[in-house]
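With mmCIF, C-alpha atoms, pLDDT in the B column; chains and numbers go by the auth columns inside, this is model.cif:
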data_work
#
loop_
_atom_site.group_PDB
_atom_site.id
_atom_site.type_symbol
_atom_site.label_atom_id
_atom_site.label_comp_id
_atom_site.label_asym_id
_atom_site.label_seq_id
_atom_site.Cartn_x
_atom_site.Cartn_y
_atom_site.Cartn_z
_atom_site.B_iso_or_equiv
_atom_site.auth_seq_id
_atom_site.auth_asym_id
ATOM 1 C CA MET A 1 133.510 67.252 118.521 52.00 1 A
ATOM 2 C CA LEU A 2 133.651 70.919 119.536 46.00 2 A
ATOM 3 C CA SER A 3 136.215 71.653 116.854 51.00 3 A
ATOM 4 C CA LYS A 4 133.927 70.114 114.193 50.00 4 A
ATOM 5 C CA LEU A 5 131.033 72.338 115.342 41.00 5 A
ATOM 6 C CA ILE A 6 133.286 75.393 115.148 47.00 6 A
ATOM 7 C CA GLN A 7 134.356 74.441 111.644 50.00 7 A
ATOM 8 C CA ILE A 8 130.747 73.972 110.573 48.00 8 A
ATOM 9 C CA ALA A 9 129.773 77.298 112.169 46.00 9 A
ATOM 10 C CA ILE A 10 132.512 79.066 110.214 53.00 10 A
ATOM 11 C CA VAL A 11 132.223 77.227 106.893 46.00 11 A
ATOM 12 C CA PHE A 12 128.413 77.034 106.622 46.00 12 A
ATOM 13 C CA PRO A 13 127.750 80.833 106.479 50.00 13 A
ATOM 14 C CA ALA A 14 130.546 81.186 103.955 48.00 14 A
ATOM 15 C CA LEU A 15 128.898 78.540 101.750 45.00 15 A
ATOM 16 C CA VAL A 16 125.521 80.266 102.025 43.00 16 A
ATOM 17 C CA LEU A 17 127.009 83.649 101.130 46.00 17 A
ATOM 18 C CA THR A 18 128.928 82.137 98.218 47.00 18 A
ATOM 19 C CA ALA A 19 125.761 80.527 96.872 48.00 19 A
ATOM 20 C CA CYS A 20 123.966 83.896 96.978 46.00 20 A
ATOM 21 C CA SER A 21 126.635 85.865 95.166 52.00 21 A
ATOM 22 C CA ASN A 22 126.442 86.244 91.422 49.00 22 A
ATOM 23 C CA THR A 23 129.602 86.985 89.477 54.00 23 A
ATOM 24 C CA GLU A 24 127.857 87.405 86.126 53.00 24 A
ATOM 25 C CA PRO A 25 127.044 90.937 84.929 51.00 25 A
ATOM 26 C CA LEU A 26 123.523 92.171 85.501 42.00 26 A
ATOM 27 C CA GLN A 27 121.314 91.593 82.479 46.00 27 A
ATOM 28 C CA THR A 28 119.050 94.463 81.401 41.00 28 A
ATOM 29 C CA SER A 29 116.205 94.599 78.945 40.00 29 A
ATOM 30 C CA THR A 30 116.957 95.771 75.424 47.00 30 A
ATOM 31 C CA GLY A 31 113.296 96.574 74.697 46.00 31 A
ATOM 32 C CA ALA A 32 112.073 99.874 73.337 48.00 32 A
ATOM 33 C CA PRO A 33 112.181 102.836 75.705 50.00 33 A
ATOM 34 C CA VAL A 34 109.019 103.635 77.628 47.00 34 A
ATOM 35 C CA ALA A 35 106.977 106.328 75.908 48.00 35 A
ATOM 36 C CA ALA A 36 106.516 109.643 77.648 48.00 36 A
ATOM 37 C CA ALA A 37 103.307 110.031 79.622 51.00 37 A
ATOM 38 C CA ALA A 38 100.393 111.189 77.539 65.00 38 A
ATOM 39 C CA VAL A 39 99.155 114.727 77.990 68.00 39 A
ATOM 40 C CA PRO A 40 96.378 114.672 80.591 74.00 40 A
ATOM 41 C CA ILE A 41 92.864 115.185 79.281 87.00 41 A
ATOM 42 C CA THR A 42 91.125 118.257 80.683 91.00 42 A
ATOM 43 C CA ASP A 43 87.737 118.215 82.366 92.00 43 A
ATOM 44 C CA GLN A 44 86.510 120.519 79.597 92.00 44 A
ATOM 45 C CA THR A 45 87.371 117.899 76.990 93.00 45 A
ATOM 46 C CA VAL A 46 85.627 115.066 78.860 95.00 46 A
ATOM 47 C CA ILE A 47 82.502 117.144 79.488 94.00 47 A
ATOM 48 C CA ALA A 48 82.341 118.474 75.920 94.00 48 A
ATOM 49 C CA GLU A 49 82.628 114.971 74.450 95.00 49 A
ATOM 50 C CA THR A 50 79.975 113.637 76.859 94.00 50 A
ATOM 51 C CA VAL A 51 77.598 116.476 75.906 94.00 51 A
ATOM 52 C CA GLY A 52 78.311 115.779 72.229 93.00 52 A
ATOM 53 C CA ARG A 53 77.384 112.089 72.586 91.00 53 A
ATOM 54 C CA ALA A 54 74.237 112.886 74.571 91.00 54 A
ATOM 55 C CA THR A 55 70.775 113.060 73.135 88.00 55 A
ATOM 56 C CA ILE A 56 69.079 116.450 73.485 88.00 56 A
ATOM 57 C CA GLY A 57 66.871 116.307 76.587 85.00 57 A
ATOM 58 C CA SER A 58 68.499 113.049 77.752 81.00 58 A
ATOM 59 C CA ASP A 59 68.533 111.804 81.320 88.00 59 A
ATOM 60 C CA PRO A 60 71.444 112.948 83.502 92.00 60 A
ATOM 61 C CA LEU A 61 74.796 111.580 82.324 92.00 61 A
ATOM 62 C CA ALA A 62 77.775 110.812 84.517 95.00 62 A
ATOM 63 C CA TRP A 63 81.277 111.827 83.448 95.00 63 A
ATOM 64 C CA ALA A 64 84.683 111.140 84.996 95.00 64 A
ATOM 65 C CA ASN A 65 88.216 112.228 84.200 94.00 65 A
ATOM 66 C CA PRO A 66 90.878 109.836 85.511 93.00 66 A
ATOM 67 C CA SER A 67 93.581 112.358 84.534 90.00 67 A
ATOM 68 C CA THR A 68 92.378 114.917 87.093 91.00 68 A
ATOM 69 C CA GLY A 69 90.311 112.818 89.502 92.00 69 A
ATOM 70 C CA SER A 70 87.239 114.958 88.782 93.00 70 A
ATOM 71 C CA ALA A 71 83.762 113.613 88.084 95.00 71 A
ATOM 72 C CA GLY A 72 80.231 114.911 87.842 95.00 72 A
ATOM 73 C CA VAL A 73 76.795 114.674 86.320 95.00 73 A
ATOM 74 C CA ILE A 74 75.576 116.510 83.246 94.00 74 A
ATOM 75 C CA GLU A 75 72.082 117.377 84.376 91.00 75 A
ATOM 76 C CA GLN A 76 70.662 119.037 81.273 90.00 76 A
ATOM 77 C CA VAL A 77 71.452 119.043 77.558 92.00 77 A
ATOM 78 C CA ARG A 78 69.418 121.465 75.433 90.00 78 A
ATOM 79 C CA PRO A 79 69.756 122.821 71.904 87.00 79 A
ATOM 80 C CA GLY A 80 72.013 125.869 71.902 81.00 80 A
ATOM 81 C CA THR A 81 69.861 128.994 72.047 77.00 81 A
ATOM 82 C CA ASN A 82 72.417 131.631 71.025 73.00 82 A
ATOM 83 C CA ASN A 83 74.845 129.477 69.061 64.00 83 A
ATOM 84 C CA PRO A 84 74.589 128.107 65.535 66.00 84 A
ATOM 85 C CA ASN A 85 76.174 124.926 64.167 79.00 85 A
ATOM 86 C CA GLY A 86 74.586 122.326 66.444 87.00 86 A
ATOM 87 C CA CYS A 87 75.872 123.743 69.729 91.00 87 A
ATOM 88 C CA ARG A 88 74.290 122.513 72.954 92.00 88 A
ATOM 89 C CA ASP A 89 73.665 124.247 76.259 92.00 89 A
ATOM 90 C CA PHE A 90 74.360 122.120 79.321 93.00 90 A
ATOM 91 C CA VAL A 91 74.435 122.203 83.110 93.00 91 A
ATOM 92 C CA THR A 92 76.932 120.017 84.964 94.00 92 A
ATOM 93 C CA SER A 93 78.270 119.408 88.422 94.00 93 A
ATOM 94 C CA LYS A 94 81.951 118.855 89.078 93.00 94 A
ATOM 95 C CA GLN A 95 83.359 117.012 92.073 92.00 95 A
ATOM 96 C CA SER A 96 87.107 117.398 92.492 87.00 96 A
ATOM 97 C CA PRO A 97 89.654 117.511 95.307 84.00 97 A
ATOM 98 C CA GLU A 98 88.834 121.247 95.550 85.00 98 A
ATOM 99 C CA GLY A 99 85.134 120.572 96.258 90.00 99 A
ATOM 100 C CA VAL A 100 81.817 120.425 94.421 92.00 100 A
ATOM 101 C CA THR A 101 80.801 123.106 91.917 92.00 101 A
ATOM 102 C CA ARG A 102 78.141 123.577 89.255 92.00 102 A
ATOM 103 C CA PHE A 103 78.569 125.041 85.771 89.00 103 A
ATOM 104 C CA ASN A 104 76.414 126.194 82.879 91.00 104 A
ATOM 105 C CA GLY A 105 78.125 125.928 79.516 92.00 105 A
ATOM 106 C CA VAL A 106 77.891 125.594 75.774 92.00 106 A
ATOM 107 C CA ALA A 107 79.533 122.766 73.829 92.00 107 A
ATOM 108 C CA CYS A 108 79.937 122.964 70.051 92.00 108 A
ATOM 109 C CA PRO A 109 81.176 120.558 67.390 92.00 109 A
ATOM 110 C CA SER A 110 84.657 121.482 66.181 87.00 110 A
ATOM 111 C CA ASP A 111 86.804 119.551 63.699 88.00 111 A
ATOM 112 C CA GLY A 112 85.375 116.126 64.514 88.00 112 A
ATOM 113 C CA SER A 113 85.236 116.593 68.282 91.00 113 A
ATOM 114 C CA TRP A 114 83.387 118.802 70.760 93.00 114 A
ATOM 115 C CA LYS A 115 84.720 121.904 72.518 92.00 115 A
ATOM 116 C CA ILE A 116 83.332 124.122 75.268 91.00 116 A
ATOM 117 C CA ASN A 117 82.798 127.695 74.085 84.00 117 A
ATOM 118 C CA GLY A 118 83.863 130.596 76.218 69.00 118 A
ATOM 119 C CA SER A 119 85.193 130.541 79.755 56.00 119 A
ATOM 120 C CA SER A 120 83.092 128.104 81.742 53.00 120 A
ATOM 121 C CA GLY A 121 85.384 127.968 84.779 56.00 121 A
ATOM 122 C CA LEU A 122 86.269 124.349 83.971 56.00 122 A
ATOM 123 C CA HIS A 123 89.891 123.277 83.542 48.00 123 A
#
Written as structure tokens, how would this file's structure read?
Amino acid sequence: MLSKLIQIAIVFPALVLTACSNTEPLQTSTGAPVAAAAVPITDQTVIAETVGRATIGSDPLAWANPSTGSAGVIEQVRPGTNNPNGCRDFVTSKQSPEGVTRFNGVACPSDGSWKINGSSGLH
């Protein structure tokens, strides 16, 4: 009886290990390669596009940029006072890992999108 238990104790783990081994080559996907990560969108771009979609004098508008983790509220959108071509003055807050700041800026239409004019301190 003891010899049978010893045989089982020796043979059983070997059977388990044999069942877990795979002698076939590892199969890999032949799908298309993964595309490179898209260029992150800047806070300036998100804010400019939000200002461009806003109605002059609209209520505060929230914006968020998942690429940078920043977010804020555009508090004011007014017609641009010193800029032609439909530009808009705005005031926004920006909350980022660096802290909370506030900016005044000017967004103008440019080639089918909106851009912030000048150096607003936004990245």
Step by step, gather every atom of region 41-50 of chain A that the file lists, find the box along x, y and z that holds them, add 5 Å on each side, and finally give centre and edge lengths in Å to one decimal, as JSON.
{"center_x": 86.4, "center_y": 117.1, "center_z": 78.4, "size_x": 22.9, "size_y": 16.9, "size_z": 17.9}
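Across A:Asn117, A:Arg102, A:Ala107, A:Thr50, the tightest approach to Ala62 (chain A) is made by A:Thr50 when counting all atoms listed in the file.
As for CA of Gly80 (chain A) and CA of Thr92 (chain A), they are spaced 15.1 Å apart.
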Which residues are near Thr55 (chain A)? Cut-off 12 Å, only C-alpha atoms, ignore same chain within fewer than 5 positions. Put them as a PyMOL selection string. chain A and resi 50+60-61+74+76-79+88-90
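The spacing separating CA of Glu98 (chain A) from CA of Val46 (chain A) amounts to 18.1 Å.
Proximity ranking of A:Ala48, A:Asp43, A:Cys87, A:Gln95 relative to Ser67 (chain A) places A:Asp43 first, based on all atoms listed in the file.
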Record the distance separating CA of Pro97 (chain A) and CA of Gly57 (chain A), expressed in Å with one decimal. 29.5 Å
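Nearest to Val100 (chain A) of all the residues A:Ser70, A:Asn82, A:Ala54, A:Trp114 is A:Ser70, based on all atoms listed in the file.
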